[in-house]
file input_1.cif (mmCIF, C-alpha atoms and all ligand atoms)
data_target
loop_
_atom_site.group_PDB
_atom_site.id
_atom_site.type_symbol
_atom_site.label_atom_id
_atom_site.label_comp_id
_atom_site.auth_asym_id
_atom_site.auth_seq_id
_atom_site.Cartn_x
_atom_site.Cartn_y
_atom_site.Cartn_z
ATOM 1 C CA MET A 1 97.423 192.101 -5.288
ATOM 2 C CA ARG A 2 94.207 191.100 -3.515
ATOM 3 C CA ARG A 3 94.138 187.328 -3.691
ATOM 4 C CA LYS A 4 91.527 184.683 -3.018
ATOM 5 C CA ILE A 5 93.036 182.417 -0.384
ATOM 6 C CA VAL A 6 92.125 179.297 1.556
ATOM 7 C CA ALA A 7 94.570 178.506 4.350
ATOM 8 C CA GLY A 8 94.512 175.442 6.598
ATOM 9 C CA ASN A 9 95.700 175.637 10.202
ATOM 10 C CA TRP A 10 96.422 172.079 11.294
ATOM 11 C CA LYS A 11 97.260 173.171 14.861
ATOM 12 C CA MET A 12 98.758 170.396 17.050
ATOM 13 C CA ASN A 13 97.325 167.522 15.014
ATOM 14 C CA LYS A 14 98.742 164.645 12.935
ATOM 15 C CA THR A 15 101.841 162.500 13.162
ATOM 16 C CA VAL A 16 104.429 162.912 10.435
ATOM 17 C CA ASP A 17 103.006 160.009 8.397
ATOM 18 C CA GLU A 18 99.470 161.334 8.722
ATOM 19 C CA ALA A 19 100.658 164.796 7.733
ATOM 20 C CA LEU A 20 102.406 163.460 4.633
ATOM 21 C CA ASP A 21 99.304 161.442 3.682
ATOM 22 C CA LEU A 22 97.147 164.538 3.983
ATOM 23 C CA VAL A 23 99.476 166.661 1.896
ATOM 24 C CA GLU A 24 99.684 163.949 -0.754
ATOM 25 C CA ASP A 25 95.879 163.779 -0.927
ATOM 26 C CA LEU A 26 95.636 167.553 -1.206
ATOM 27 C CA ALA A 27 98.228 167.653 -3.977
ATOM 28 C CA ASP A 28 96.210 165.027 -5.907
ATOM 29 C CA LEU A 29 92.779 166.533 -5.323
ATOM 30 C CA LEU A 30 93.575 170.193 -5.970
ATOM 31 C CA THR A 31 93.311 170.240 -9.744
ATOM 32 C CA ASP A 32 93.523 173.427 -11.821
ATOM 33 C CA ASP A 33 89.730 173.386 -12.203
ATOM 34 C CA ILE A 34 89.189 173.392 -8.474
ATOM 35 C CA LEU A 35 91.897 175.924 -7.734
ATOM 36 C CA GLY A 36 90.906 178.502 -10.320
ATOM 37 C CA SER A 37 92.619 181.646 -9.107
ATOM 38 C CA THR A 38 92.637 180.589 -5.440
ATOM 39 C CA ASP A 39 95.877 180.380 -3.460
ATOM 40 C CA VAL A 40 96.078 177.475 -1.050
ATOM 41 C CA ILE A 41 98.246 177.607 2.057
ATOM 42 C CA ILE A 42 98.709 174.893 4.678
ATOM 43 C CA ALA A 43 100.142 175.437 8.139
ATOM 44 C CA PRO A 44 101.286 172.067 9.464
ATOM 45 C CA PRO A 45 102.997 171.571 12.827
ATOM 46 C CA SER A 46 106.426 173.197 12.560
ATOM 47 C CA LEU A 47 108.142 169.877 13.268
ATOM 48 C CA PHE A 48 106.997 168.532 9.872
ATOM 49 C CA ILE A 49 107.455 171.603 7.699
ATOM 50 C CA SER A 50 110.719 170.376 6.271
ATOM 51 C CA GLU A 51 109.299 166.977 5.186
ATOM 52 C CA ILE A 52 106.186 168.598 3.807
ATOM 53 C CA ILE A 53 108.112 171.137 1.765
ATOM 54 C CA GLU A 54 110.195 168.298 0.365
ATOM 55 C CA GLU A 55 107.004 166.363 -0.475
ATOM 56 C CA LEU A 56 105.732 169.441 -2.321
ATOM 57 C CA LEU A 57 108.904 170.117 -4.318
ATOM 58 C CA ASP A 58 107.064 169.541 -7.619
ATOM 59 C CA VAL A 59 103.823 171.130 -6.441
ATOM 60 C CA ASP A 60 103.700 174.895 -6.825
ATOM 61 C CA TYR A 61 100.008 175.353 -5.931
ATOM 62 C CA ILE A 62 100.253 174.640 -2.205
ATOM 63 C CA ALA A 63 102.194 177.113 -0.082
ATOM 64 C CA VAL A 64 103.456 176.203 3.364
ATOM 65 C CA ALA A 65 103.202 178.354 6.481
ATOM 66 C CA GLY A 66 104.312 178.152 10.091
ATOM 67 C CA GLN A 67 101.659 178.404 12.791
ATOM 68 C CA ASN A 68 103.710 180.791 14.900
ATOM 69 C CA CYS A 69 107.218 182.189 15.259
ATOM 70 C CA HIS A 70 109.216 183.954 17.944
ATOM 71 C CA HIS A 71 109.654 187.730 17.935
ATOM 72 C CA GLU A 72 113.458 187.436 18.043
ATOM 73 C CA ASN A 73 115.581 185.928 15.300
ATOM 74 C CA ASN A 74 117.586 183.624 17.570
ATOM 75 C CA GLY A 75 118.683 183.153 21.153
ATOM 76 C CA ALA A 76 117.983 181.298 24.373
ATOM 77 C CA PHE A 77 114.266 180.633 23.841
ATOM 78 C CA THR A 78 113.894 176.906 24.433
ATOM 79 C CA GLY A 79 111.240 175.252 22.299
ATOM 80 C CA GLU A 80 110.657 178.222 20.013
ATOM 81 C CA ILE A 81 111.125 178.615 16.252
ATOM 82 C CA SER A 82 112.146 181.794 14.445
ATOM 83 C CA ALA A 83 111.343 183.533 11.182
ATOM 84 C CA PRO A 84 114.859 182.918 9.782
ATOM 85 C CA MET A 85 114.403 179.189 10.554
ATOM 86 C CA LEU A 86 111.154 179.122 8.581
ATOM 87 C CA ALA A 87 112.802 181.040 5.755
ATOM 88 C CA SER A 88 115.726 178.604 5.716
ATOM 89 C CA LEU A 89 113.239 175.776 5.018
ATOM 90 C CA GLU A 90 111.739 177.878 2.221
ATOM 91 C CA ALA A 91 108.397 178.237 3.927
ATOM 92 C CA ASP A 92 106.178 180.904 2.400
ATOM 93 C CA ALA A 93 104.203 182.377 5.267
ATOM 94 C CA CYS A 94 103.424 182.201 8.974
ATOM 95 C CA ILE A 95 100.292 182.648 11.058
ATOM 96 C CA VAL A 96 100.704 185.150 13.895
ATOM 97 C CA GLY A 97 98.345 186.327 16.598
ATOM 98 C CA HIS A 98 96.082 183.295 16.542
ATOM 99 C CA SER A 99 93.593 183.560 19.396
ATOM 100 C CA GLU A 100 94.938 180.335 20.913
ATOM 101 C CA ARG A 101 98.386 181.980 21.136
ATOM 102 C CA ARG A 102 96.782 185.043 22.699
ATOM 103 C CA GLN A 103 94.660 183.006 25.123
ATOM 104 C CA TYR A 104 97.077 180.261 26.205
ATOM 105 C CA PHE A 105 100.435 181.981 25.749
ATOM 106 C CA GLY A 106 99.552 185.546 26.690
ATOM 107 C CA GLU A 107 100.497 187.085 23.362
ATOM 108 C CA THR A 108 99.736 190.773 22.938
ATOM 109 C CA ASP A 109 99.498 192.849 19.796
ATOM 110 C CA ALA A 110 102.733 194.647 20.761
ATOM 111 C CA LEU A 111 104.495 191.279 20.665
ATOM 112 C CA ILE A 112 102.703 190.203 17.496
ATOM 113 C CA ALA A 113 103.837 193.450 15.810
ATOM 114 C CA LYS A 114 107.450 192.332 16.386
ATOM 115 C CA LYS A 115 106.733 188.889 14.963
ATOM 116 C CA ILE A 116 105.284 190.523 11.850
ATOM 117 C CA ASP A 117 108.486 192.579 11.495
ATOM 118 C CA ARG A 118 110.681 189.463 11.809
ATOM 119 C CA LEU A 119 108.621 187.693 9.129
ATOM 120 C CA LEU A 120 108.692 190.606 6.709
ATOM 121 C CA GLU A 121 112.475 190.872 7.113
ATOM 122 C CA GLN A 122 112.626 187.285 5.809
ATOM 123 C CA ASP A 123 110.148 187.875 2.958
ATOM 124 C CA LEU A 124 107.659 185.588 4.671
ATOM 125 C CA VAL A 125 103.978 186.500 4.447
ATOM 126 C CA PRO A 126 102.429 187.197 7.863
ATOM 127 C CA ILE A 127 98.887 185.875 8.261
ATOM 128 C CA TYR A 128 97.706 188.169 11.044
ATOM 129 C CA CYS A 129 94.735 186.924 13.088
ATOM 130 C CA CYS A 130 92.392 189.236 14.941
ATOM 131 C CA GLY A 131 88.936 188.890 16.440
ATOM 132 C CA GLU A 132 86.793 189.593 19.452
ATOM 133 C CA LEU A 133 85.757 187.467 22.428
ATOM 134 C CA LEU A 134 82.124 186.438 22.929
ATOM 135 C CA GLU A 135 81.587 188.941 25.741
ATOM 136 C CA GLU A 136 82.997 191.739 23.554
ATOM 137 C CA ARG A 137 80.557 190.845 20.776
ATOM 138 C CA LYS A 138 77.676 190.648 23.259
ATOM 139 C CA SER A 139 78.479 194.048 24.722
ATOM 140 C CA GLY A 140 78.858 195.632 21.277
ATOM 141 C CA GLU A 141 82.587 196.245 21.659
ATOM 142 C CA HIS A 142 83.658 194.053 18.741
ATOM 143 C CA PHE A 143 84.551 196.869 16.362
ATOM 144 C CA THR A 144 86.535 198.719 19.028
ATOM 145 C CA LYS A 145 88.397 195.539 19.944
ATOM 146 C CA VAL A 146 89.329 194.613 16.371
ATOM 147 C CA GLY A 147 90.155 198.239 15.504
ATOM 148 C CA ASN A 148 92.570 198.389 18.428
ATOM 149 C CA GLN A 149 94.163 195.066 17.483
ATOM 150 C CA LEU A 150 94.769 196.280 13.934
ATOM 151 C CA LYS A 151 96.216 199.578 15.138
ATOM 152 C CA GLU A 152 98.575 197.973 17.640
ATOM 153 C CA ALA A 153 99.841 195.197 15.385
ATOM 154 C CA LEU A 154 99.904 196.844 11.959
ATOM 155 C CA SER A 155 99.988 200.652 12.092
ATOM 156 C CA HIS A 156 103.803 200.804 12.372
ATOM 157 C CA LEU A 157 104.236 199.137 8.968
ATOM 158 C CA SER A 158 105.038 200.966 5.745
ATOM 159 C CA ALA A 159 102.363 200.739 3.051
ATOM 160 C CA ASN A 160 104.691 198.454 1.077
ATOM 161 C CA ASP A 161 105.045 196.071 3.999
ATOM 162 C CA MET A 162 101.313 196.166 4.732
ATOM 163 C CA ALA A 163 100.697 195.058 1.146
ATOM 164 C CA GLU A 164 102.433 191.763 2.027
ATOM 165 C CA VAL A 165 100.203 190.993 5.021
ATOM 166 C CA ILE A 166 97.140 188.740 4.959
ATOM 167 C CA ILE A 167 94.516 189.452 7.628
ATOM 168 C CA ALA A 168 92.347 186.706 9.119
ATOM 169 C CA TYR A 169 89.259 187.811 11.019
ATOM 170 C CA GLU A 170 88.537 185.048 13.498
ATOM 171 C CA PRO A 171 85.857 185.796 16.084
ATOM 172 C CA VAL A 172 87.080 183.832 19.107
ATOM 173 C CA TRP A 173 83.568 182.592 19.877
ATOM 174 C CA ALA A 174 83.468 180.861 16.495
ATOM 175 C CA ILE A 175 86.824 179.058 16.645
ATOM 176 C CA GLY A 176 86.435 175.327 17.124
ATOM 177 C CA THR A 177 82.945 175.816 18.572
ATOM 178 C CA GLY A 178 80.801 174.875 15.587
ATOM 179 C CA GLU A 179 79.212 178.318 15.857
ATOM 180 C CA THR A 180 80.000 180.316 12.733
ATOM 181 C CA ALA A 181 79.596 184.039 12.195
ATOM 182 C CA THR A 182 76.674 184.714 9.884
ATOM 183 C CA PRO A 183 77.628 185.892 6.397
ATOM 184 C CA GLU A 184 76.288 189.328 7.414
ATOM 185 C CA GLN A 185 78.425 189.465 10.566
ATOM 186 C CA ALA A 186 81.486 188.408 8.572
ATOM 187 C CA GLN A 187 80.904 190.962 5.794
ATOM 188 C CA GLU A 188 80.228 193.763 8.285
ATOM 189 C CA MET A 189 83.477 193.103 10.157
ATOM 190 C CA HIS A 190 85.553 192.556 7.007
ATOM 191 C CA ALA A 191 84.301 195.860 5.577
ATOM 192 C CA PHE A 192 85.191 197.519 8.890
ATOM 193 C CA ILE A 193 88.696 195.997 8.796
ATOM 194 C CA ARG A 194 89.184 197.235 5.240
ATOM 195 C CA SER A 195 88.053 200.715 6.284
ATOM 196 C CA GLN A 196 90.557 200.700 9.156
ATOM 197 C CA ILE A 197 93.369 199.685 6.796
ATOM 198 C CA ALA A 198 92.337 202.528 4.469
ATOM 199 C CA MET A 199 92.533 204.963 7.387
ATOM 200 C CA MET A 200 95.909 203.668 8.602
ATOM 201 C CA PHE A 201 97.431 203.433 5.107
ATOM 202 C CA ASP A 202 95.410 204.366 2.046
ATOM 203 C CA ALA A 203 92.529 203.180 -0.101
ATOM 204 C CA ASP A 204 94.820 201.292 -2.496
ATOM 205 C CA VAL A 205 96.423 199.257 0.276
ATOM 206 C CA ALA A 206 92.985 198.535 1.754
ATOM 207 C CA ASP A 207 91.648 197.427 -1.594
ATOM 208 C CA GLU A 208 94.594 195.068 -2.121
ATOM 209 C CA VAL A 209 94.662 193.368 1.279
ATOM 210 C CA SER A 210 93.189 189.868 1.458
ATOM 211 C CA ILE A 211 90.911 189.418 4.475
ATOM 212 C CA LEU A 212 90.083 185.814 5.363
ATOM 213 C CA TYR A 213 87.287 184.604 7.610
ATOM 214 C CA GLY A 214 88.059 181.938 10.223
ATOM 215 C CA GLY A 215 85.859 180.193 12.769
ATOM 216 C CA SER A 216 84.028 176.903 12.205
ATOM 217 C CA CYS A 217 84.072 177.389 8.453
ATOM 218 C CA ASN A 218 83.154 174.106 6.755
ATOM 219 C CA PRO A 219 82.028 172.784 3.358
ATOM 220 C CA LYS A 220 78.385 173.579 4.207
ATOM 221 C CA ASN A 221 78.749 177.223 5.225
ATOM 222 C CA ALA A 222 81.806 178.284 3.210
ATOM 223 C CA ALA A 223 80.047 179.394 0.008
ATOM 224 C CA ALA A 224 77.690 181.779 1.833
ATOM 225 C CA LEU A 225 80.588 183.315 3.776
ATOM 226 C CA PHE A 226 82.800 183.623 0.696
ATOM 227 C CA ALA A 227 80.016 185.216 -1.369
ATOM 228 C CA ASN A 228 80.550 188.511 0.456
ATOM 229 C CA PRO A 229 82.533 191.218 -1.328
ATOM 230 C CA ASP A 230 85.006 191.772 1.513
ATOM 231 C CA VAL A 231 85.547 188.086 2.365
ATOM 232 C CA ASP A 232 88.530 186.965 0.303
ATOM 233 C CA GLY A 233 88.665 183.392 1.563
ATOM 234 C CA GLY A 234 89.092 181.453 4.761
ATOM 235 C CA LEU A 235 91.466 180.347 7.485
ATOM 236 C CA ILE A 236 90.273 176.854 8.264
ATOM 237 C CA GLY A 237 91.032 174.861 11.422
ATOM 238 C CA GLY A 238 89.154 171.593 12.031
ATOM 239 C CA ALA A 239 87.939 171.161 8.455
ATOM 240 C CA SER A 240 91.488 171.476 7.106
ATOM 241 C CA LEU A 241 92.404 168.126 8.678
ATOM 242 C CA ASP A 242 90.285 166.239 6.155
ATOM 243 C CA ALA A 243 91.406 166.474 2.528
ATOM 244 C CA ASP A 244 87.901 166.207 1.036
ATOM 245 C CA ASP A 245 86.452 168.833 3.365
ATOM 246 C CA PHE A 246 89.328 171.221 2.745
ATOM 247 C CA VAL A 247 89.082 170.780 -1.016
ATOM 248 C CA ASP A 248 85.312 171.356 -0.867
ATOM 249 C CA ILE A 249 86.009 174.648 0.914
ATOM 250 C CA VAL A 250 88.477 175.604 -1.827
ATOM 251 C CA LYS A 251 85.733 174.750 -4.371
ATOM 252 C CA ALA A 252 83.324 177.034 -2.509
ATOM 253 C CA LEU A 253 85.576 180.017 -3.160
ATOM 254 C CA ASN A 254 85.409 179.611 -6.933
HETATM 255 C C1 LIG B 1 91.398 178.441 13.485
HETATM 256 O O1 LIG B 1 91.843 177.906 14.484
HETATM 257 O O2 LIG B 1 92.071 179.265 12.861
HETATM 258 C C2 LIG B 1 90.054 178.053 13.061
HETATM 259 C C3 LIG B 1 89.435 178.796 12.208
HETATM 260 O O3 LIG B 1 89.559 176.904 13.630
HETATM 261 P P1 LIG B 1 88.150 176.184 13.284
HETATM 262 O O4 LIG B 1 87.966 176.242 11.795
HETATM 263 O O5 LIG B 1 88.319 174.782 13.775
HETATM 264 O O6 LIG B 1 87.102 176.952 14.007
#
call {"tool": "encode", "arguments": {"input": "input_1.cif", "output": "structure tokens", "more": "lines below"}}
Ligand code: PEP
result
Amino acid sequence: MRRKIVAGNWKMNKTVDEALDLVEDLADLLTDDILGSTDVIIAPPSLFISEIIEELLDVDYIAVAGQNCHHENNGAFTGEISAPMLASLEADACIVGHSERRQYFGETDALIAKKIDRLLEQDLVPIYCCGELLEERKSGEHFTKVGNQLKEALSHLSANDMAEVIIAYEPVWAIGTGETATPEQAQEMHAFIRSQIAMMFDADVADEVSILYGGSCNPKNAAALFANPDVDGGLIGGASLDADDFVDIVKALN
């Protein structure tokens, strides 16, 4: 079912104590009134997932995601974590294809497609990130770029599996830069993504898929972005590190 979602990507921030403080604050602040029908997901550093899941044992309104996983289930891959490991901690989801993974770790959509498969095998929800570079936007290639990303990472899935995937459109030029896509740019790209999903699968799957916007989304600009019919919520980086800011963004979706 198409869901309204706000997800926080904490990236490589917080010590374990700081992470537990943040999750405690979120659990206190996210009342039923604020949540409405919104799903909240947090993606802490993988090192703390176990403690955070334990902290949230009595809290069923915050789901926990990894920030990345390997494309194999196990093996000699020093420093990596796998989908079965995340599943064994009872995580709910995992971000894949974040632009920082693409940029700094050379990840391609062919590789990301395998990660999505590993996650789905474990009943974990893949949060698939896509988005164009600044020069691609400037040269008018943004639709081609995102269309190709979607095709390469998602077109091998069955319609049933695709129904489990969350898509995050994150224009690379907006991530961590303070420069946000305009509501019009976000809506235009989200509608395009939905049309591509309809072409690859069918109209029902496209209608059901949640498409989140990510890139310098904050309490001030969130409501205007979320007001668009094809924007189903946000993937939030910097502003997810502050409980009040993150909760204000959740409020903006209701
Ligand atoms: C992100 O990294 O997914 C992100 C959206 O970051 P920020 O909100 O800081 O731009």
call {"tool": "atom_distance", "arguments": {"input": "input_1.cif", "atom1": "CA of Val23 in chain A", "atom2": "CA of Ala243 in chain A"}}
result
8.1 Å
call {"tool": "residues_around", "arguments": {"input": "input_1.cif", "residues": "range 92-102 of chain A", "least_positions_apart": "6", "cutoff": "10 Å", "atoms": "all atoms listed in the file", "output": "NGL selection string"}}
result
:A and (7 or 9 or 11 or 41-43 or 53 or 62-70 or 83 or 86 or 108-109 or 111-113 or 115-116 or 119-120 or 122-133 or 149 or 153 or 165-172 or 175 or 235)
call {"tool": "residues_near_ligand", "arguments": {"input": "input_1.cif", "ligand": "ligand LIG 1 (chain B)", "cutoff": "7 Å", "atoms": "only C-alpha atoms and all ligand atoms", "output": "CSV table (one decimal) with C-alpha atoms, keeping the file's coordinate frame"}}
result
chain,number,residue,atom,x,y,z
A,9,ASN,CA,95.7,175.6,10.2
A,98,HIS,CA,96.1,183.3,16.5
A,170,GLU,CA,88.5,185.0,13.5
A,174,ALA,CA,83.5,180.9,16.5
A,175,ILE,CA,86.8,179.1,16.6
A,176,GLY,CA,86.4,175.3,17.1
A,177,THR,CA,82.9,175.8,18.6
A,178,GLY,CA,80.8,174.9,15.6
A,214,GLY,CA,88.1,181.9,10.2
A,215,GLY,CA,85.9,180.2,12.8
A,216,SER,CA,84.0,176.9,12.2
A,217,CYS,CA,84.1,177.4,8.5
A,235,LEU,CA,91.5,180.3,7.5
A,236,ILE,CA,90.3,176.9,8.3
A,237,GLY,CA,91.0,174.9,11.4
A,238,GLY,CA,89.2,171.6,12.0
A,239,ALA,CA,87.9,171.2,8.5
call {"tool": "atom_distance", "arguments": {"input": "input_1.cif", "atom1": "CA of Glu24 in chain A", "atom2": "CA of Ser210 in chain A"}}
result
26.8 Å
call {"tool": "resolve_selection", "arguments": {"input": "input_1.cif", "expression": "the PyMOL selection byres (((chain A and resi 189-201) around 8) and not hetatm)", "output": "short mmCIF file (atom, residue, chain, number, x, y, z; two decimals) with C-alpha atoms, in the frame of the given file"}}
result
data_model
loop_
_atom_site.label_atom_id
_atom_site.label_comp_id
_atom_site.auth_asym_id
_atom_site.auth_seq_id
_atom_site.Cartn_x
_atom_site.Cartn_y
_atom_site.Cartn_z
CA PHE A 143 84.55 196.87 16.36
CA VAL A 146 89.33 194.61 16.37
CA GLY A 147 90.16 198.24 15.50
CA LEU A 150 94.77 196.28 13.93
CA LYS A 151 96.22 199.58 15.14
CA SER A 155 99.99 200.65 12.09
CA ALA A 159 102.36 200.74 3.05
CA TYR A 169 89.26 187.81 11.02
CA GLN A 185 78.42 189.46 10.57
CA ALA A 186 81.49 188.41 8.57
CA GLN A 187 80.90 190.96 5.79
CA GLU A 188 80.23 193.76 8.28
CA ASP A 202 95.41 204.37 2.05
CA ALA A 203 92.53 203.18 -0.10
CA ASP A 204 94.82 201.29 -2.50
CA VAL A 205 96.42 199.26 0.28
CA ALA A 206 92.98 198.54 1.75
CA ASP A 207 91.65 197.43 -1.59
CA VAL A 209 94.66 193.37 1.28
CA ILE A 211 90.91 189.42 4.47
CA ASP A 230 85.01 191.77 1.51
CA VAL A 231 85.55 188.09 2.37
#
call {"tool": "closest_residue", "arguments": {"input": "input_1.cif", "among": "A:Asp32, A:Glu136, A:Glu141, A:Glu80", "to": "Tyr61 in chain A", "atoms": "only C-alpha atoms"}}
result
A:Asp32
call {"tool": "closest_residue", "arguments": {"input": "input_1.cif", "among": "A:Arg2, A:Phe105, A:Leu26, A:Thr180", "to": "Ala163 in chain A", "atoms": "only C-alpha atoms"}}
result
A:Arg2
call {"tool": "resolve_selection", "arguments": {"input": "input_1.cif", "expression": "the PyMOL selection byres (((chain A and resi 35) around 9) and not hetatm)", "output": "PyMOL selection string"}}
result
chain A and resi 30-34+36-40+61+247+250-251+253-254
call {"tool": "closest_residue", "arguments": {"input": "input_1.cif", "among": "A:Leu22, A:Leu134, A:Ala76, A:Ala91", "to": "Ser50 in chain A", "atoms": "all atoms listed in the file"}}
result
A:Ala91
call {"tool": "atom_distance", "arguments": {"input": "input_1.cif", "atom1": "CA of Phe48 in chain A", "atom2": "CA of Gly8 in chain A"}}
result
14.6 Å
call {"tool": "closest_residue", "arguments": {"input": "input_1.cif", "among": "A:Asn221, A:Met85, A:Ile249, A:His71", "to": "Glu179 in chain A", "atoms": "all atoms listed in the file"}}
result
A:Asn221
call {"tool": "closest_residue", "arguments": {"input": "input_1.cif", "among": "A:Ile52, A:Asn148, A:Phe226, A:Asp117", "to": "Ser82 in chain A", "atoms": "all atoms listed in the file"}}
result
A:Asp117
call {"tool": "closest_residue", "arguments": {"input": "input_1.cif", "among": "A:Ile81, A:Leu89, A:Ala252, A:Leu20", "to": "Ala224 in chain A", "atoms": "only C-alpha atoms"}}
result
A:Ala252
